[in-house]
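Novice: Got a structure here, written out as structure tokens. Questions coming.
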Amino acid sequence: MSAATLADLADPWAYRTLGELCDTIGPRLAGSPAMARAVAWAQETMQAAGCDTVWTEPVTIPHWTRGREWARCTAPVEFDLVMLGLGLSDGTGPEGLEAEVLAVRDFDELDARSAEAAGRIVLFNMEWDGYGPTVQYRSQGASRAARHGAVAVLVRSVTANSLATPHTGMMRYEEGVPRIPAAAVTVEDAGRLQRLADAGLQPRVRLMMEARNRGETVCHNVIGEIRGAVKPQEIVLVAGHLDSWDVGTGAHDDGAGCVIALAAARRLLTGGGRPDRTVRVVFYTAEEIGGIGGTAYRDAHRDELPRHVAALESDSGAFAPAGFTVQGDSLVVAAVAGHALAVAALGAGKVSPGWSGVDIGPICKEGVPGIGHRVDGSRYFDYHHSPADTFDKIDPGELARNVAAVAGLVRSICADPVALRDRGRSAAAAGGGMQPASR
Ligand SMILES: [Zn+2]
């Protein structure tokens, strides 16, 4: 392990900084007063970390507030459901609503039982099948059920494991379909309602949600830059998203990613001087409610995107480092694999083609090579979007290894005589040997 990496591992700054964000600011829903405090905190912290320039950029976002909410099974037996309204859901109105529950396992069962859905609360009790396939019930469930006449939806929390934790997240209403309230319930409560329904006991639920969509508001991306010593016009972007859900304290998702990005940039300065290229740290806003900060960044920086030689996003939590995925052509993937050799001893040497990140996705589509920071994903969704995503779930050793891994990779990319972006482009110009990385 290099001396620089050993010094990175010994630095407690990231753990202290993440603790400060989680414990003194707490949950930071985009558009909330807490998020505004987080934006101010981020500017101060970037300055303290040694950034030469720090600024914010406005982003127009939907303004959603949760308000109070509850759900209760009223028949055949009374019990409170542990629930969380889904982000961007409408509320129930002050009276709430009550209806019999139609429990289904998937969209096919809902379609087959369409005649039973009218006037009911549809419960999607889908099995966990990995995040991508399972999360569609959260994002599309309300409109799918409303098309059949349902009055509300409950969605089993999107997680493989549960200790009665509800997991929220964003949902979307389809145009032209009635907007009905949508809430997540725990795996445990979904199972109980399903068993009551299967036994023919016709469970009923009373649901009250004060959630409101209040039009638009303005939030901010926060950007800090360390000017390059040799090629300051060439930018290596390192990012996470500062917003979180309004429960827990956004420790793994994605306070950790922001702190890993900034701590890694800081390590370039403290561990041997100014990087050759400019390192731009971006804390995006409103990732959770539609990746809006990422789109706004692309639109505001279109002119200088050709000067972005690479973008890296950390948004998978701070578990043990597992390597990097690369959104770019095969020669860019190979070049990143070369840079990652420097951090192989940390467990971060594995590089494969794949997804970069929600926030950097829009600029990667415009040709900026994208790098996704990968970690052990086995426990991430246990905490994701739930009240359990708190600072105590962060392992200081694993966080330090992630900072060292990202710092080592960025250090190597900044020092490369050939810009990462040109690795692919020059091959394309030569016309030989390049294969599309993704289709
Ligand atoms: Zn995230």
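Numbering starts fresh at 1 for the residues of each chain in the structure tokens, the chains themselves are lettered A, B, ... in the order given, and ligands are numbered from 1 as they appear.
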Among segment 154-235 of chain A, which ones does DSSP place in helix (DSSP H, G or I), written as a ChimeraX atom specification?

Specialist: /A:187-198

Novice: I'd like the neighbourhood of Asp198 of chain A as a PDB file with N, CA and C atoms, in the first residue's frame, where a residue qualifies if any of its atoms comes within 12 Å (using only C-alpha atoms), though same-chain residues fewer than 5 positions away should be ignored.

Specialist:
```pdb
ATOM      1  N   VAL A 101     -59.227  -3.997   2.029  1.00  0.00           N
ATOM      2  CA  VAL A 101     -57.934  -4.173   1.361  1.00  0.00           C
ATOM      3  C   VAL A 101     -58.019  -5.293   0.328  1.00  0.00           C
ATOM      4  N   LEU A 102     -57.528  -5.002  -0.879  1.00  0.00           N
ATOM      5  CA  LEU A 102     -57.309  -6.054  -1.873  1.00  0.00           C
ATOM      6  C   LEU A 102     -55.804  -6.310  -1.909  1.00  0.00           C
ATOM      7  N   ALA A 103     -55.390  -7.486  -1.422  1.00  0.00           N
ATOM      8  CA  ALA A 103     -53.954  -7.805  -1.371  1.00  0.00           C
ATOM      9  C   ALA A 103     -53.566  -8.584  -2.615  1.00  0.00           C
ATOM     10  N   VAL A 104     -52.562  -8.070  -3.339  1.00  0.00           N
ATOM     11  CA  VAL A 104     -52.071  -8.776  -4.537  1.00  0.00           C
ATOM     12  C   VAL A 104     -50.555  -8.916  -4.444  1.00  0.00           C
ATOM     13  N   ARG A 105     -50.046  -9.925  -5.160  1.00  0.00           N
ATOM     14  CA  ARG A 105     -48.610 -10.209  -5.132  1.00  0.00           C
ATOM     15  C   ARG A 105     -47.864  -9.462  -6.232  1.00  0.00           C
ATOM     16  N   GLY A 191     -47.449  -8.700   5.264  1.00  0.00           N
ATOM     17  CA  GLY A 191     -47.685 -10.142   5.392  1.00  0.00           C
ATOM     18  C   GLY A 191     -48.924 -10.443   6.218  1.00  0.00           C
ATOM     19  N   ARG A 192     -49.123  -9.691   7.289  1.00  0.00           N
ATOM     20  CA  ARG A 192     -50.290  -9.934   8.151  1.00  0.00           C
ATOM     21  C   ARG A 192     -51.599  -9.618   7.403  1.00  0.00           C
ATOM     22  N   LEU A 193     -51.594  -8.470   6.693  1.00  0.00           N
ATOM     23  CA  LEU A 193     -52.803  -8.122   5.923  1.00  0.00           C
ATOM     24  C   LEU A 193     -53.066  -9.170   4.844  1.00  0.00           C
ATOM     25  N   PRO A 203     -59.834  -7.789   5.546  1.00  0.00           N
ATOM     26  CA  PRO A 203     -59.260  -6.700   6.351  1.00  0.00           C
ATOM     27  C   PRO A 203     -59.624  -5.331   5.788  1.00  0.00           C
TER      28      PRO A 203
END
```

Novice: From a DSSP pass on the backbone, collect the residues of segment 268-404 of chain A flagged as strand (DSSP E or B) and hand them back as a ChimeraX atom specification.

Specialist: /A:277-284,308-313,321-327,351-353,370-375

Novice: Since we have the selection now, will you write its residues out, keeping N, CA and C atoms, as a CSV table (one decimal), in the first residue's frame?

Specialist:
```
chain,number,residue,atom,x,y,z
A,277,ARG,N,-4.9,18.2,-12.4
A,277,ARG,CA,-6.2,18.7,-12.9
A,277,ARG,C,-7.1,19.2,-11.8
A,278,THR,N,-8.1,20.0,-12.2
A,278,THR,CA,-9.0,20.6,-11.3
A,278,THR,C,-10.0,19.5,-10.8
A,279,VAL,N,-10.1,19.4,-9.5
A,279,VAL,CA,-11.1,18.5,-8.9
A,279,VAL,C,-12.3,19.3,-8.4
A,280,ARG,N,-13.4,19.0,-9.0
A,280,ARG,CA,-14.7,19.7,-8.7
A,280,ARG,C,-15.6,18.7,-7.9
A,281,VAL,N,-15.9,19.1,-6.6
A,281,VAL,CA,-16.8,18.3,-5.8
A,281,VAL,C,-18.2,18.9,-5.9
A,282,VAL,N,-19.1,18.0,-6.2
A,282,VAL,CA,-20.5,18.5,-6.4
A,282,VAL,C,-21.4,17.7,-5.4
A,283,PHE,N,-22.1,18.4,-4.5
A,283,PHE,CA,-23.1,17.9,-3.7
A,283,PHE,C,-24.5,18.2,-4.4
A,284,TYR,N,-25.1,17.2,-5.0
A,284,TYR,CA,-26.3,17.5,-5.8
A,284,TYR,C,-27.5,17.6,-4.8
A,308,HIS,N,-14.8,18.3,-19.0
A,308,HIS,CA,-15.0,17.4,-17.9
A,308,HIS,C,-14.3,16.1,-18.4
A,309,VAL,N,-13.2,15.7,-17.8
A,309,VAL,CA,-12.5,14.5,-18.3
A,309,VAL,C,-13.0,13.2,-17.7
A,310,ALA,N,-13.7,13.3,-16.5
A,310,ALA,CA,-14.3,12.2,-15.9
A,310,ALA,C,-15.3,12.7,-14.8
A,311,ALA,N,-16.2,11.8,-14.4
A,311,ALA,CA,-17.1,12.1,-13.3
A,311,ALA,C,-17.3,10.9,-12.5
A,312,LEU,N,-17.2,11.0,-11.2
A,312,LEU,CA,-17.3,9.9,-10.3
A,312,LEU,C,-18.5,10.2,-9.3
A,313,GLU,N,-19.3,9.2,-9.0
A,313,GLU,CA,-20.4,9.4,-8.0
A,313,GLU,C,-20.4,8.3,-7.0
A,321,PRO,N,-15.4,-1.3,0.5
A,321,PRO,CA,-15.2,-1.0,-0.9
A,321,PRO,C,-15.2,-2.3,-1.8
A,322,ALA,N,-15.8,-2.1,-3.0
A,322,ALA,CA,-15.9,-3.3,-3.9
A,322,ALA,C,-15.4,-3.0,-5.3
A,323,GLY,N,-15.0,-1.7,-5.6
A,323,GLY,CA,-14.5,-1.4,-6.9
A,323,GLY,C,-15.3,-0.3,-7.5
A,324,PHE,N,-15.3,-0.3,-8.9
A,324,PHE,CA,-15.9,0.8,-9.6
A,324,PHE,C,-16.6,0.2,-10.9
A,325,THR,N,-17.7,0.8,-11.2
A,325,THR,CA,-18.4,0.5,-12.5
A,325,THR,C,-18.2,1.7,-13.4
A,326,VAL,N,-18.1,1.5,-14.7
A,326,VAL,CA,-17.7,2.5,-15.6
A,326,VAL,C,-18.7,2.6,-16.8
A,327,GLN,N,-19.2,3.9,-16.9
A,327,GLN,CA,-20.1,4.2,-18.1
A,327,GLN,C,-19.2,4.9,-19.1
A,351,VAL,N,-13.0,-3.5,-11.6
A,351,VAL,CA,-13.6,-2.5,-12.4
A,351,VAL,C,-14.4,-3.2,-13.5
A,352,SER,N,-15.6,-2.8,-13.8
A,352,SER,CA,-16.4,-3.4,-14.8
A,352,SER,C,-17.3,-2.4,-15.5
A,353,PRO,N,-17.7,-2.7,-16.7
A,353,PRO,CA,-18.6,-1.7,-17.4
A,353,PRO,C,-20.0,-1.7,-16.6
A,370,GLY,N,-18.2,8.1,-17.0
A,370,GLY,CA,-18.8,8.1,-15.7
A,370,GLY,C,-18.3,6.9,-14.9
A,371,ILE,N,-18.0,7.2,-13.6
A,371,ILE,CA,-17.5,6.1,-12.7
A,371,ILE,C,-18.4,6.0,-11.5
A,372,GLY,N,-19.0,4.8,-11.3
A,372,GLY,CA,-19.8,4.6,-10.1
A,372,GLY,C,-18.9,3.9,-9.0
A,373,HIS,N,-19.0,4.5,-7.8
A,373,HIS,CA,-18.2,3.9,-6.7
A,373,HIS,C,-19.0,2.8,-6.1
A,374,ARG,N,-18.5,1.6,-6.1
A,374,ARG,CA,-19.2,0.4,-5.7
A,374,ARG,C,-18.7,-0.1,-4.3
A,375,VAL,N,-19.6,-0.5,-3.5
A,375,VAL,CA,-19.3,-1.1,-2.2
A,375,VAL,C,-20.1,-2.4,-2.0
```

Novice: Write out as JSON, numbers by chain each polymer residue whose atoms come within 6 Å of Asp243 of chain A, counting only C-alpha atoms; drop sequence neighbours fewer than 2 positions from it.

Specialist: {"A": [28, 29, 30, 241, 285, 286]}

Novice: Neighbouring residues of ligand 1 are defined here as those with any atom at most 7 Å from a ligand atom, counting only C-alpha atoms and all ligand atoms; list them as a count of residues only.

Specialist: 7

Novice: Could you check how far atom CA of Thr165 of chain A sits from atom CA of Glu188 of chain A, in Å to one decimal?

Specialist: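 Calculated distance between atom CA of Thr165 of chain A and atom CA of Glu188 of chain A is 8.9 Å.
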